[in-house]
Each structure stands twice: as C-alpha cells, then as structure tokens.
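Structure, as structure tokens:
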Number of protein chains: 4
Amino acid sequence: MHSFRNDYSEGAHPKVLQALAEANLTQTDGYGLDPFCQEAADLIRRLCRAPSAEVHFLIGGTSVNLVTIEALLQPYEAVIAAATGHVAVHETGAIEATGHKVLTAPAPDGKLTPELVEGVLAAHSSEHMVFPRLVFVSNTTELGTVYTTAELSALRECCRRNGLLLYLDGARLGAAMAAGGPGLPELAALTDAFYIGGTKNGALFGEALVLTVPCPHYRWYMKRRGAMLAKGRLLGIQFKALLEDGLYWELARHANEMARRLRDGIAGLGYEPVVRSETNQQFFVMPEGVVKALGEKGCAFECEAAGDGLMQVRFVTSWATPEGAVAELLELLA
Amino acid sequence: MHSFRNDYSEGAHPKVLQALAEANLTQTDGYGLDPFCQEAADLIRRLCRAPSAEVHFLIGGTSVNLVTIEALLQPYEAVIAAATGHVAVHETGAIEATGHKVLTAPAPDGKLTPELVEGVLAAHSSEHMVFPRLVFVSNTTELGTVYTTAELSALRECCRRNGLLLYLDGARLGAAMAAGGPGLPELAALTDAFYIGGTKNGALFGEALVLTVPCPHYRWYMKRRGAMLAKGRLLGIQFKALLEDGLYWELARHANEMARRLRDGIAGLGYEPVVRSETNQQFFVMPEGVVKALGEKGCAFECEAAGDGLMQVRFVTSWATPEGAVAELLELLA
Amino acid sequence: MHSFRNDYSEGAHPKVLQALAEANLTQTDGYGLDPFCQEAADLIRRLCRAPSAEVHFLIGGTSVNLVTIEALLQPYEAVIAAATGHVAVHETGAIEATGHKVLTAPAPDGKLTPELVEGVLAAHSSEHMVFPRLVFVSNTTELGTVYTTAELSALRECCRRNGLLLYLDGARLGAAMAAGGPGLPELAALTDAFYIGGTKNGALFGEALVLTVPCPHYRWYMKRRGAMLAKGRLLGIQFKALLEDGLYWELARHANEMARRLRDGIAGLGYEPVVRSETNQQFFVMPEGVVKALGEKGCAFECEAAGDGLMQVRFVTSWATPEGAVAELLELLA
Amino acid sequence: MHSFRNDYSEGAHPKVLQALAEANLTQTDGYGLDPFCQEAADLIRRLCRAPSAEVHFLIGGTSVNLVTIEALLQPYEAVIAAATGHVAVHETGAIEATGHKVLTAPAPDGKLTPELVEGVLAAHSSEHMVFPRLVFVSNTTELGTVYTTAELSALRECCRRNGLLLYLDGARLGAAMAAGGPGLPELAALTDAFYIGGTKNGALFGEALVLTVPCPHYRWYMKRRGAMLAKGRLLGIQFKALLEDGLYWELARHANEMARRLRDGIAGLGYEPVVRSETNQQFFVMPEGVVKALGEKGCAFECEAAGDGLMQVRFVTSWATPEGAVAELLELLA
C-alpha cells in the first residue's frame, strides 16, 4: 500500500534519472565547476529574473540552512524563526553547532509576521544578548501553510526597517508556488537568500540556493562543512531537468492536487484539519483508535500524541502519489 | 581527449546506475532507515568479518571525516596526521571548524609511522596543549602510496600503547586494496573506524563508514552536521551494487593497471616519479615547457610549480579510464 | 547617592582585599596549582562534606557556565533552562557558541519544576532533535526567588529518572543560602555541579565550581576557553578569606536584610512586587513618572518598559549597601 | 629561594594594589563601562598617539587572543604564526575551538618574516584550503627575542601587499619595549591590533587590547566567550596605575636587567644560550646532572629534555626579582 509518510520515499522522477544517465560518462571538472551546473545556474537566474544572483547547489536542507546561515551571519548574530521552524526544532541543533542561537516566536500557523519579529527584536537590546540578524521562514511552512506575496513583502519591509536579512527555506517551494505563493522572481526580489528544494519534488537529492546578497566566499563555507559534492554536476543535471520545461511546477501541482483530494475526503468524514493547508502536507487530529487501525491496515504516515486520546496525524503526498492511493486511503478511513 | 585530472570526472559505473533505476519507485523510509541500507550494511559486516561493527553511509569524504572525528573525540582532543593528510590540508579547515586541532608530522611518502606519532605525543604533554587522541591515515595516501598490513599493524600497536584511536580515510580504498594493501577484514581488525570510498571508485557519490569502536549516537552527529541524506537509500543501493559481486575491486584493479601503464610509459621517457606509486595516482616532476605543451594539446591533469622551471604533475586514472587514453597520453608526451 | 543597580558595583570586602595584600609577594606556581587554591578547595570540600568533589576556580559566571556545560555534555546534547535563565538570555549566546542548544520552559517565578523538565523531554524524542541532557537552575533565580531543598530534591529525582545532569548556577548562592535555600552539603548531594559565586558576594571576582560528577579533563576545557587565570592563586586567596570564618554568609545576610527592608518599605507605599523575593533582588512595577523622577534624583537601578505607562524596576542590594541608603531611597519614593 | 619559573609567580606591584584599595568602595557601573576604564583607555590612546583606537580590557592572554582572532576573522579564515607561537602550541587549541586553523612556519628564533608569511600564502591558494588572513606575532616572542621596528614594518608591508591583518601578542610587551622594540605609537601604527600585557608586568591580571582596525561589535565577542569581567573597573584601575607614571616601563627594565645579569653570569660559566635574548626570558642548554642538582638546591625554573643527556632550561625574571636572587642562582650554578 502506498505510503503517505513523507515526500522523499522514492527515488527521482524518471526524467531526472534519464538526464543523469545521459550525462553519465561525460567527463567534467568536479565540485560544481562544470557546464551542467553552469547551465542550471544560468537557467535559475533567468527564471528568477535576477541576472546577478549567485546560485549554489547543495545536497540537502539541513546542509544548505546551516552553511548559509553561517555564511551570512557574524558569530554573535542570531536567527529569528517560528517556534515550529525547521532550524529551531528538527535539525539536531545544526545551527547552534555553528555557534548561532535560534530565537523563536510562537506562530500557530507556522508563519512569522512583522509583529512577531519585532517582538523578538524588542527583547534583544543589549550586548549581553545575542544580536538578532536573520529572519528564517519556510515556504511552505512546516505545517503546510503558505506565505503569500503580500505577507512576504511585509516581512521584507520589516527586515529592511530593522537591518535584518530575510532567508527562505524552500524545501517544499514547489508546493508553495503551486498553491499561489510567491514565484521565483518575487522570491529573488523579496529575500536575501532562498533555496529551491529538489529532494522533495522530483530530484534524487539537491537544493539550489539563490543568493541575492553578496557572499563572495560562499564556496569556502560549503567546503568547510563537508557540503561541496565532489561530483557536483549531479546537482546541475538534476535541476536542469526539473526546471527547464516546467516539470518542477507540474510535479508540485500533482502533489497538491492529491493532498487536496485527501483533505477534502478526510474532512468529509468529519475530521478537523489542524490548520488550513492547500499544499502537500495535511495535518488532522484523530482518535487513537482510528489511527491505530489505519496503521494496522498498512497505511504509513507520521503521528504524535495530542492528548485526550487523540493523535495528530500527518499525511504527505508527492509527485509520486497515484490517484488510486488517495482513494484507497479514504476508503480505509471511511 | 580523456581527462586525467581526477577520479571523479564521470557519473557512476553503469551497474550502479542500473541499480538506482531499478529501485527508483520502491517506497522506503528516509534517512538510511531502509532495507537497501540494511542489506548493504549487513553485506559490509560480512565482508569485514565484523558482525558487530556499525555501518553508516555518508555523502562525501570531508563529511565523513569531520563527522567521525567529532563523534570520536572530546572537544579538547586532537588529530595526528601526516603533513600531507587530507584533513590537514585540503578540507578548508573542516576539522578545526568542529573545534579540533590537527597536529601534523612530516612524512615525505605520505605515511605516518609509530615514530612520527610518538614524536607528536612527546611534544604534547601538558594541559596547556591539546590532547592528541586520534591517528588519521589514508589508504591510499594523498600521494598514491599504500600502507601495508604490517605498517598498519605497527600503527595499531602504537595506538594501543598510547591510548590513541586509529582512523583510516578510504577515499581511495579500492586502489589500496587492489595494490596489496590490507583488505576489509584486516581494516576492521586494525582500525577503530575506516571508510570504504564510493565516490572515487564507481559510485555517483557515497562513503561507507565502518565503526568498530562503540559510538551509539553517531546518527545525531551526522544530522547535526547536515550529513544525513533524506533519501539515504541511494547510498545503500549503490554500495550493494558495488560490493555484492566484487565490482568494487574489479574497478580498482582497472584503475591501478591503467596507472601502472602510464607510470611505466612516462618513466620510460626518462621522467622521475615523485614517489613510487602502485595505485591510480601518479606524480611526476616535469619541465614547465613539457607540461604547458601537454595542456595545450588538450590533456587535463593537475599540476603545481615545483621551482627551478619544473612542475609537479598528477595523473589520475579511474574505473572509467580507457586503455586508449593512456596510449594517447604517452604518445603526446613522447 | 548609593546605587542599587547591581551587586557588583564595588571592589571586594576589605577582608578579602587584605588577604590579597598579605599574600601579594609570596611566590607560587601559576594556573591555580598553588597552596592557596589547594587550601581553599580543601575548605570547600569540608564545607560541602564532599571529600571527593573536584573544585575549580574560575573568573566569572558566564565563563564557569560555558566551560562546565561544554565539559559535561557531548556536542549533540542540550541544556534545559527556565525561559528567564541566565544561559538562555543574558550570555550573548555563550552556550550556543560552544555548539549546544539551550531549550527553555516558561517559568513565571524563574524556577523549573519536574513537570516543566519532563515537558521538554517529551518534545525531544528523535535523532532529528537535540538530546536534552543537563538541567540548568540558578539559586537565587534571575528573579530573586529561591529553590527550596525540597524543590531541588524533586528536580534531582526527576533528573535521575531521566538520565539528566543537574547543574546549579550560584552567582547569588550566598543570598539563596541566607534565605533558607539549600546549603553547601545539600547542594553537593543534590547536584552534579554547582558554583559558589564570589563576584556578587564580597570578592573582587571569582566563582568556585564544585563538581561531584567525574570530569577528569576539566582543566583542559578551562584553558581552551581562556578561563584559566595565570595567577590562579588570586581566586584561592579570596575564597579562603570569604569562606573560612563565615564571612560569605554574613555578607549575604546583610544584603538580604537590606533588600527586605527595601521591599517592605516599597510595598508599604502601595507598590506590588513582581514576584515574592526574600533575597537581594527586588522587582517592582511602577509608573513611568515615578521611575523617571527617582532617576532624576540620582537613584541608580535597572528598569525596562512594562507597557501601559508602567516600568519594571529592579533594586539590588549587596554586602556594601549601607542601612542609610535604604532609608534614603524609601524617603525619595515616598 | 626565589623562583625563576615564570613572571607571574607573585601578586601585583604594590602601587597597583594600592590603587585597587583606594578605589575599592567607589561604586561604578559594571562590565568596563566605568570611569576608571574610560580614563585608562584615554591614557592608552594618548600614549599610542592613536586618538581613534578602540581599547578593551581583558583578563588574560589566551582570552584576548581567542576573542580578538574570532572578532577579526571570518570563519573560513586562518591565522599564520611561528611554529613556536603561543596560539599554535600553548593554548590547548583555543583558536581551533573558535573554528580557525592556525598555520605555522618554522622560525628558529621565534620570529616570522615576510618570506615565511608569503611561503604560507603560496601554499594556500584554493577554496579547498583555509584562507590565511591574520599574521600573529608576539613581542617579545616565546623565546625572549624581540621584533625590531624595522622587522615589524617589513611584516606590516607584507601584510598590506597581501591583504592580511597584523596582530601582536604583547603578553611580554614591557620587556620588548624596554629592550628597544617598537613603542606604543609604533605598534599602533604598524599593527591592526595589539595588546599591552599586564599580567606578566606588574598587574594582578589584565591585558589591554588596542584595536586600530574597526570592530564595532567587539564587546559582543567578549561577552560571548565569557571574557567580560563584571567588575571591569579592576582592569582600568590597574592599567591606569601601571601606565600613568611610567611604572610599566620601569618594571620591565628591571626584569630585563636582572635577566641580562643572569645571562651573562651563566654564559660566563661556559653555557650557551639557545637564542640571544635581551629580555626577561633566558634559555640555556645544560647537562641533566647540573639541572637536577640546581633543582635539588631549591631553584625553580622550567626545563625540558633536549636529547643527549641535555636539558633546555628557561629562567624568567620579573619586576619582582631581587638582585640578590640572581647572585644566589649564579653562585649555585658555579
């Protein structure tokens, strides 16, 4: 039975795999200094309408987050994130391991606002405290919600007023864009850095970082944290395949569509979503008995205790989720 | 024209790519907790005759070196390496970035000896100095030379006497084993940790770490440094393909054989090798004019100034080096 | 006019200064390996009834906190502190600078409880999160409140159940002990490590760390963070003077007594304390106009905006606060 | 019998102690934001003829070295030091603990030269290596030798050519200046940062850092490493006492004079100095038997095995060394 545990349960979309196979025996220089990466970076700059942006390819989300935060901050500077932010919770202290504190603000829907950011600033005003310097947001958020262009613009304005950098984690950027969130040109205009997540949307692995703020020694930071792939070309090849004909957006639309069917079906059975999500992660609260029974029937998903005999359940769809799998899950639940 | 610049200029050996394609749509858990990684780890334990060894799969050499050194050492402890050691020179301070000093000893052939190690120990005897704790060796070394089983045993005995850990970087372990160096069972018996390098011997990417010393929270260290791949299965699939039918050794033998032909051919033209190498890296000193001419004819390799109008040149072969390419290079040189 | 800004506005108690002057020209070894430190450490072990405890002398609170946390934790392990905890807020990210995350729990009176600790544990259950390992408490807390022996025992029991270390920051330990908090033998029995704060209770500077958990290389950690004083004897001399005839407790009792007079006087004028404090820090909420007027009359204290035209004011007394100064402040306020 | 083990065996010069006693009960703000520090900083700027220099007071040499190097470098940048440099050998990896590699060049007399520096640069030319950025020198060096103004100027010029910062560790700056080395105005003109060492020349403790390169958040770096003393005034008071009437130079001249008598006396007995030193550290090679006998007669000094039945012995004098002690030592040796 199909697993809804996450969006990295399979390999790559067949077109990506094919591109890797076609380039396989071509010799290139290592470490991302190859024509494939060059072409993919040029393509990304064009899609972002940001001809002077720097583009770097990294292997995974934690890696790109930690390297970029380290590269953009001075040691005494800190990150501001939602309390649910990936860097705050789910990276085993990777940011602190580079010496930076992650300050958090409570955000029930996973989204920071100018008010939340300025509340953190107000509480950090002396040399006996860290210096807040970079606002970390994810699109989609860790709860599947989406920052709109207006919301991101408001954050950008808040950052400008307060001398802050704005960084956007795009592990699920495809899903966010396919659900009406800001597109690549908006992201390049509104953030200092963001990444286009490949791992969760069709690639074997890989994230493409777009830096609009200057960071001339970024590659030193990459190498120093073990984040520079010897055969860097693998990343360029994959991103070219994903981005050049719109495949990236097509895959994300499919994932979102599967998620919406799932959501509407589950809601139709009387369950309440935790937050309203238009993207490929759907959170519901369900009785333990229901969750257990679902698991016993072979359905795979993540869940955690929510008190009072309830559990919070997460269903994740992806480019690889078949329509039939959604129907099957809904049948089981019914 | 074929490039001799390094052994990571191509993608993967076709059998490895095929294994990835076959498993592509099978769903598994992420982060290396999948059946492919489990099978590959079991296979490695069998090949090492080390049923209780821990096996972890990481993405690249710098990554596995920095995570493992951090996991095995206390913060005040230091590494001992040859002055040419990869962790000492070519990782942009990745080990220091985890807070550990790398102490070096001069080793013209790239190989540490008990005498060199004990010289470092003798110079570090107080709480005002770092505490040497882990001996780092590479097989093959960065110069292409090979530690014999006897040499590694002597180092092991030295480590035991002095309370040191012994770690072996196997970025080019295939080449070392194919040239008569210690095999997997010897390595598992003689080191506390070593890795089987995939990137430079047939994989797209990936290194398999074998830990014979207990390290129960190793995965925390991986995650914290961004070194835990979401689709960890990619590593398990590749190592299974490389190791299950002897492909790994076959590829290394080919690379070494190509290198030996190259070496003997170049030596036959009157050039002196820098050190005697039986493996896939060959270093020669040549006049600048010769080197320049070679480059202009389209031959790719690494070189650096060696003074007096001379250059030190490195030619690297791999599983992908065609016999004809060696002949062509020799012809050009002649 | 006397300042109530903090408890480190003056030099040392005259007896401490005299002890330094008397020992001034005696030659000793450096780095704390001298008879003065030896005697002070022995005295502390006797007062703690902990003959096998290790005692180390450090220069200031941030320094002893960061060195000890680094020495007791593995890199992936984290601290649990109250949201108001000094390590969480007021050390400019010093703990994160050693790579460790500080997890916090909201504690309106500044005190952690087993429930708060276990709430943090429950939320940190996977290798994708840091591993909570050390509970950080301060006595007195940052709000002037005091952990009773019963409360500390309950935390200890909670730590034992959950495999956690318990560390107590004693920057104001004198005030806590003088207000009925656990004494040295209780602290040595109930914590894995705690320090006796000198800076804020009579010394020029200095904190005495008592380690009941083994930490054989603690001095390496000290030196590595620049926390080993060349003339370490200065710390031994001061602690001997403070502790050998009960001076330390006498000074703390005076500070607390001055604070209580101040508190009762201010309460008598109709102001509400923020929390009930029996120790040398007193927090009140007052109208901005009152606070401003007080400042203009030359009274020194710390304050921060509390919204609605109010300010939160902190008055701190010390061994050096004259009785007359309290009366003078109350008169000004009246 | 007087100890020649080091120059931090006693407390402070009596005038320094008296200044501390006189200011003892004056109340001031903490953390160095007090009038004493302000006055001492102004005095230092005047003595340096550097009205816009920043002056910070820190507690000890390792502390000022690690905080300043961290404050001046980006994470991927490295230090260049003599192989005997304090940061390279005797700080338990304190620099590496901040993530920076220390690159070394062999310098038999403890002094770097432009040639040595440029040799290190030539070997570090790619993003796979650390980026050398700061030249670390000590005056006096760890061997007691002294950089002349001409030598320092040559290094400065080399740094300018190569985009490097120049930092001078002045733990024994008094001895260097008293022996003809560059004075404060020269140091302020020729370095980006240097410190005036108090601990080894009359203070209880303390080093005064002079920054001529901008570093606006230096105090954040201090606090974050536990290097900001609560009663920062203690440092200002001491440096004012040492510097305002030339006491600092007077003490250093005495130390050097005692050392020269010792040196000439020992040389007169036929022993060879290891290097020619005009300052308060004197290194000699002597037979083990002689060294042992000297120790048994109660003479204290540092020594280490030098092979062939010989030992390298270090005698250190200070402001507190009585003339009679030198005579006594020479008598014992004779």
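Simple scheme: letters A, B, ... for chains in structure tokens order, numbers from 1 for residues in each chain, numbers from 1 for ligands in the order shown.
Shell of range 76-79 of chain B at 6 Å, with only C-alpha atoms counted and residues fewer than 3 places along the chain excluded, is Leu73, His100, Lys101, Val102, Leu103, Val130, Phe131, Pro132, Arg133, Leu134 and Val135 of chain B.
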Output file for the residues above (N, CA, C and O atoms, as a short mmCIF file (atom, residue, chain, number, x, y, z; two decimals), in the first residue's frame):
data_model
loop_
_atom_site.label_atom_id
_atom_site.label_comp_id
_atom_site.auth_asym_id
_atom_site.auth_seq_id
_atom_site.Cartn_x
_atom_site.Cartn_y
_atom_site.Cartn_z
N LEU B 73 36.00 12.12 19.24
CA LEU B 73 36.88 12.88 20.13
C LEU B 73 36.09 13.74 21.12
O LEU B 73 34.99 14.17 20.83
N HIS B 100 38.54 20.99 16.65
CA HIS B 100 39.67 20.10 16.92
C HIS B 100 40.91 20.53 16.15
O HIS B 100 40.84 20.79 14.95
N LYS B 101 42.03 20.52 16.82
CA LYS B 101 43.30 20.83 16.16
C LYS B 101 43.79 19.60 15.42
O LYS B 101 43.60 18.47 15.87
N VAL B 102 44.43 19.83 14.28
CA VAL B 102 45.09 18.75 13.55
C VAL B 102 46.59 18.94 13.69
O VAL B 102 47.13 19.93 13.19
N LEU B 103 47.23 18.03 14.39
CA LEU B 103 48.68 18.08 14.56
C LEU B 103 49.32 17.30 13.43
O LEU B 103 48.80 16.24 13.05
N VAL B 130 46.78 20.83 23.40
CA VAL B 130 45.74 19.86 23.05
C VAL B 130 46.21 18.46 23.41
O VAL B 130 47.39 18.21 23.60
N PHE B 131 45.26 17.56 23.46
CA PHE B 131 45.49 16.18 23.88
C PHE B 131 45.39 15.29 22.64
O PHE B 131 44.29 15.05 22.15
N PRO B 132 46.51 14.82 22.11
CA PRO B 132 46.43 14.00 20.88
C PRO B 132 45.68 12.71 21.16
O PRO B 132 45.93 12.04 22.16
N ARG B 133 44.74 12.36 20.26
CA ARG B 133 43.88 11.22 20.62
C ARG B 133 43.53 10.33 19.43
O ARG B 133 43.14 9.20 19.63
N LEU B 134 43.65 10.85 18.21
CA LEU B 134 43.23 10.03 17.07
C LEU B 134 44.26 10.15 15.96
O LEU B 134 44.66 11.26 15.58
N VAL B 135 44.72 9.00 15.48
CA VAL B 135 45.67 8.98 14.37
C VAL B 135 44.88 8.83 13.08
O VAL B 135 44.10 7.89 12.93
#
Could the residues of chain B that have an atom at most 7 Å from chain A be listed as a tab-separated table, each with its closest atom pair and the distance in Å to one decimal, counting only C-alpha atoms and ordered by chain and ascending residue number?
residue	atom	partner	partner_atom	distance
B:Tyr8	CA	A:Lys231	CA	6.2
B:Ser9	CA	A:Gln27	CA	4.8
B:Glu10	CA	A:Gln27	CA	4.9
B:Gly11	CA	A:Asn24	CA	4.5
B:Ala12	CA	A:Asn24	CA	6.6
B:Asn24	CA	A:Gly11	CA	4.5
B:Leu25	CA	A:Glu10	CA	5.2
B:Thr26	CA	A:Glu10	CA	5.9
B:Gln27	CA	A:Ser9	CA	4.8
B:Thr28	CA	A:Ser9	CA	5.1
B:Asp29	CA	A:Ser9	CA	5.9
B:Gly30	CA	A:Ser9	CA	6.3
B:Gly60	CA	A:Leu229	CA	6.7
B:Thr62	CA	A:Gly226	CA	4.9
B:Ser63	CA	A:Gly226	CA	4.3
B:Glu91	CA	A:Arg224	CA	6.2
B:Thr92	CA	A:Arg224	CA	5.0
B:Gly93	CA	A:Arg224	CA	5.9
B:Ala94	CA	A:Arg224	CA	4.4
B:Trp220	CA	A:Thr92	CA	6.7
B:Lys223	CA	A:Thr92	CA	6.2
B:Arg224	CA	A:Ala94	CA	4.4
B:Arg225	CA	A:Ala94	CA	5.9
B:Gly226	CA	A:Ser63	CA	4.3
B:Leu229	CA	A:Gly60	CA	6.7
B:Ala230	CA	A:Tyr8	CA	6.7
B:Lys231	CA	A:Tyr8	CA	6.2
Output of the above residues as a PDB file, in the first residue's frame, restricted to N, CA and C atoms:
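Generated file (part.pdb):
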ATOM      1  N   TYR B   8      36.951  11.510 -10.247  1.00  0.00           N
ATOM      2  CA  TYR B   8      35.515  11.755 -10.040  1.00  0.00           C
ATOM      3  C   TYR B   8      34.981  12.672 -11.155  1.00  0.00           C
ATOM      4  N   SER B   9      35.463  12.430 -12.371  1.00  0.00           N
ATOM      5  CA  SER B   9      35.064  13.243 -13.525  1.00  0.00           C
ATOM      6  C   SER B   9      33.806  12.729 -14.203  1.00  0.00           C
ATOM      7  N   GLU B  10      33.443  11.491 -13.935  1.00  0.00           N
ATOM      8  CA  GLU B  10      32.269  10.908 -14.576  1.00  0.00           C
ATOM      9  C   GLU B  10      31.159  10.707 -13.543  1.00  0.00           C
ATOM     10  N   GLY B  11      30.059  10.105 -13.997  1.00  0.00           N
ATOM     11  CA  GLY B  11      28.993   9.701 -13.085  1.00  0.00           C
ATOM     12  C   GLY B  11      29.357   8.376 -12.432  1.00  0.00           C
ATOM     13  N   ALA B  12      28.430   7.434 -12.466  1.00  0.00           N
ATOM     14  CA  ALA B  12      28.650   6.159 -11.795  1.00  0.00           C
ATOM     15  C   ALA B  12      28.900   5.054 -12.808  1.00  0.00           C
ATOM     16  N   ASN B  24      14.042   2.676  -8.198  1.00  0.00           N
ATOM     17  CA  ASN B  24      13.633   4.074  -8.166  1.00  0.00           C
ATOM     18  C   ASN B  24      12.255   4.320  -7.564  1.00  0.00           C
ATOM     19  N   LEU B  25      11.289   3.512  -7.914  1.00  0.00           N
ATOM     20  CA  LEU B  25       9.932   3.831  -7.461  1.00  0.00           C
ATOM     21  C   LEU B  25       9.502   3.042  -6.219  1.00  0.00           C
ATOM     22  N   THR B  26      10.351   2.175  -5.752  1.00  0.00           N
ATOM     23  CA  THR B  26      10.068   1.492  -4.485  1.00  0.00           C
ATOM     24  C   THR B  26      10.053   2.521  -3.365  1.00  0.00           C
ATOM     25  N   GLN B  27       9.012   2.478  -2.547  1.00  0.00           N
ATOM     26  CA  GLN B  27       8.958   3.424  -1.424  1.00  0.00           C
ATOM     27  C   GLN B  27       9.683   2.851  -0.203  1.00  0.00           C
ATOM     28  N   THR B  28      10.428   3.713   0.467  1.00  0.00           N
ATOM     29  CA  THR B  28      11.088   3.277   1.716  1.00  0.00           C
ATOM     30  C   THR B  28      11.065   4.435   2.707  1.00  0.00           C
ATOM     31  N   ASP B  29      11.416   4.121   3.944  1.00  0.00           N
ATOM     32  CA  ASP B  29      11.637   5.175   4.927  1.00  0.00           C
ATOM     33  C   ASP B  29      12.862   5.990   4.532  1.00  0.00           C
ATOM     34  N   GLY B  30      12.963   7.169   5.095  1.00  0.00           N
ATOM     35  CA  GLY B  30      14.074   8.036   4.760  1.00  0.00           C
ATOM     36  C   GLY B  30      15.268   7.853   5.693  1.00  0.00           C
ATOM     37  N   GLY B  60      30.186  12.244   1.319  1.00  0.00           N
ATOM     38  CA  GLY B  60      31.496  12.541   0.753  1.00  0.00           C
ATOM     39  C   GLY B  60      32.588  12.439   1.804  1.00  0.00           C
ATOM     40  N   THR B  62      34.993  14.626   2.994  1.00  0.00           N
ATOM     41  CA  THR B  62      35.130  15.645   4.031  1.00  0.00           C
ATOM     42  C   THR B  62      34.048  15.467   5.079  1.00  0.00           C
ATOM     43  N   SER B  63      32.849  15.173   4.621  1.00  0.00           N
ATOM     44  CA  SER B  63      31.730  14.976   5.513  1.00  0.00           C
ATOM     45  C   SER B  63      31.963  13.814   6.479  1.00  0.00           C
ATOM     46  N   GLU B  91      40.743  20.328   3.342  1.00  0.00           N
ATOM     47  CA  GLU B  91      39.330  20.332   3.705  1.00  0.00           C
ATOM     48  C   GLU B  91      38.898  21.695   4.255  1.00  0.00           C
ATOM     49  N   THR B  92      39.616  22.759   3.860  1.00  0.00           N
ATOM     50  CA  THR B  92      39.229  24.126   4.219  1.00  0.00           C
ATOM     51  C   THR B  92      38.973  24.261   5.723  1.00  0.00           C
ATOM     52  N   GLY B  93      39.794  23.562   6.486  1.00  0.00           N
ATOM     53  CA  GLY B  93      39.667  23.699   7.942  1.00  0.00           C
ATOM     54  C   GLY B  93      38.426  23.037   8.507  1.00  0.00           C
ATOM     55  N   ALA B  94      37.909  22.016   7.836  1.00  0.00           N
ATOM     56  CA  ALA B  94      36.663  21.371   8.296  1.00  0.00           C
ATOM     57  C   ALA B  94      36.822  20.754   9.684  1.00  0.00           C
ATOM     58  N   TRP B 220      23.130  11.198  15.514  1.00  0.00           N
ATOM     59  CA  TRP B 220      22.932  12.570  15.967  1.00  0.00           C
ATOM     60  C   TRP B 220      24.040  13.482  15.387  1.00  0.00           C
ATOM     61  N   LYS B 223      23.336  14.072  11.597  1.00  0.00           N
ATOM     62  CA  LYS B 223      22.241  15.001  11.344  1.00  0.00           C
ATOM     63  C   LYS B 223      22.655  16.439  11.670  1.00  0.00           C
ATOM     64  N   ARG B 224      23.333  16.584  12.796  1.00  0.00           N
ATOM     65  CA  ARG B 224      23.750  17.898  13.284  1.00  0.00           C
ATOM     66  C   ARG B 224      24.708  18.615  12.332  1.00  0.00           C
ATOM     67  N   ARG B 225      25.367  17.860  11.476  1.00  0.00           N
ATOM     68  CA  ARG B 225      26.291  18.480  10.518  1.00  0.00           C
ATOM     69  C   ARG B 225      25.728  18.432   9.101  1.00  0.00           C
ATOM     70  N   GLY B 226      24.433  18.181   8.990  1.00  0.00           N
ATOM     71  CA  GLY B 226      23.839  18.166   7.657  1.00  0.00           C
ATOM     72  C   GLY B 226      24.303  16.998   6.816  1.00  0.00           C
ATOM     73  N   LEU B 229      21.481  12.064   4.632  1.00  0.00           N
ATOM     74  CA  LEU B 229      20.734  12.246   3.394  1.00  0.00           C
ATOM     75  C   LEU B 229      19.270  11.833   3.582  1.00  0.00           C
ATOM     76  N   ALA B 230      18.335  12.662   3.111  1.00  0.00           N
ATOM     77  CA  ALA B 230      16.910  12.310   3.236  1.00  0.00           C
ATOM     78  C   ALA B 230      16.649  10.963   2.561  1.00  0.00           C
ATOM     79  N   LYS B 231      17.062  10.854   1.316  1.00  0.00           N
ATOM     80  CA  LYS B 231      16.895   9.574   0.622  1.00  0.00           C
ATOM     81  C   LYS B 231      18.163   8.740   0.814  1.00  0.00           C
TER      82      LYS B 231
END
Excluding Cys48 in chain D and any residue of its chain fewer than 4 positions from it, enumerate the residues within 6 Å of it, using only C-alpha atoms, and give them as a list of chain:residue names.
-> D:Ile44, D:Leu184, D:Pro185, D:Ala188
Give me a file of those residues, with N, CA, C and O atoms, as a PDB file, in the first residue's frame.
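Once written, selection-v8.pdb looks like this:
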ATOM      1  N   ILE D  44      45.777  55.292  27.274  1.00  0.00           N
ATOM      2  CA  ILE D  44      46.411  54.408  26.294  1.00  0.00           C
ATOM      3  C   ILE D  44      46.346  55.026  24.892  1.00  0.00           C
ATOM      4  O   ILE D  44      47.337  55.011  24.158  1.00  0.00           O
ATOM      5  N   LEU D 184      54.696  52.112  21.937  1.00  0.00           N
ATOM      6  CA  LEU D 184      53.253  52.129  21.706  1.00  0.00           C
ATOM      7  C   LEU D 184      52.851  52.858  20.424  1.00  0.00           C
ATOM      8  O   LEU D 184      52.015  52.351  19.666  1.00  0.00           O
ATOM      9  N   PRO D 185      53.380  54.032  20.126  1.00  0.00           N
ATOM     10  CA  PRO D 185      52.947  54.691  18.871  1.00  0.00           C
ATOM     11  C   PRO D 185      53.305  53.872  17.641  1.00  0.00           C
ATOM     12  O   PRO D 185      52.524  53.785  16.691  1.00  0.00           O
ATOM     13  N   ALA D 188      50.843  50.968  17.439  1.00  0.00           N
ATOM     14  CA  ALA D 188      49.515  51.389  16.971  1.00  0.00           C
ATOM     15  C   ALA D 188      49.536  51.686  15.477  1.00  0.00           C
ATOM     16  O   ALA D 188      48.551  51.457  14.772  1.00  0.00           O
TER      17      ALA D 188
END
For Asn162 in chain B, work out the shell of residues within 12 Å, counting only C-alpha atoms and skipping chain neighbours fewer than 4 positions away, then give it as a count of residues only.
-> 17
What are the DSSP strand (DSSP E or B) residues of range 9-80 of chain D, as a list in words?
-> Glu54, Val55, His56, Phe57, Leu58, Glu77, Ala78, Val79 and Ile80 of chain D
Using the selection just defined, write its residues with C-alpha atoms as a short mmCIF file (atom, residue, chain, number, x, y, z; two decimals), in the first residue's frame.
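Output file again.cif follows:
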data_model
loop_
_atom_site.label_atom_id
_atom_site.label_comp_id
_atom_site.auth_asym_id
_atom_site.auth_seq_id
_atom_site.Cartn_x
_atom_site.Cartn_y
_atom_site.Cartn_z
CA GLU D 54 39.40 51.24 20.43
CA VAL D 55 40.73 49.96 23.74
CA HIS D 56 39.32 46.90 25.52
CA PHE D 57 40.48 45.33 28.76
CA LEU D 58 40.56 41.55 29.09
CA GLU D 77 39.96 32.42 7.56
CA ALA D 78 43.14 31.28 9.25
CA VAL D 79 45.99 32.55 11.36
CA ILE D 80 49.67 32.44 10.37
#
Extract, using only C-alpha atoms, all DNA, RNA and protein residues at most 8 Å from Leu116 in chain D, discarding same-chain residues fewer than 4 positions from it, and format them as a PyMOL selection string.
-> chain D and resi 105-106+112+120
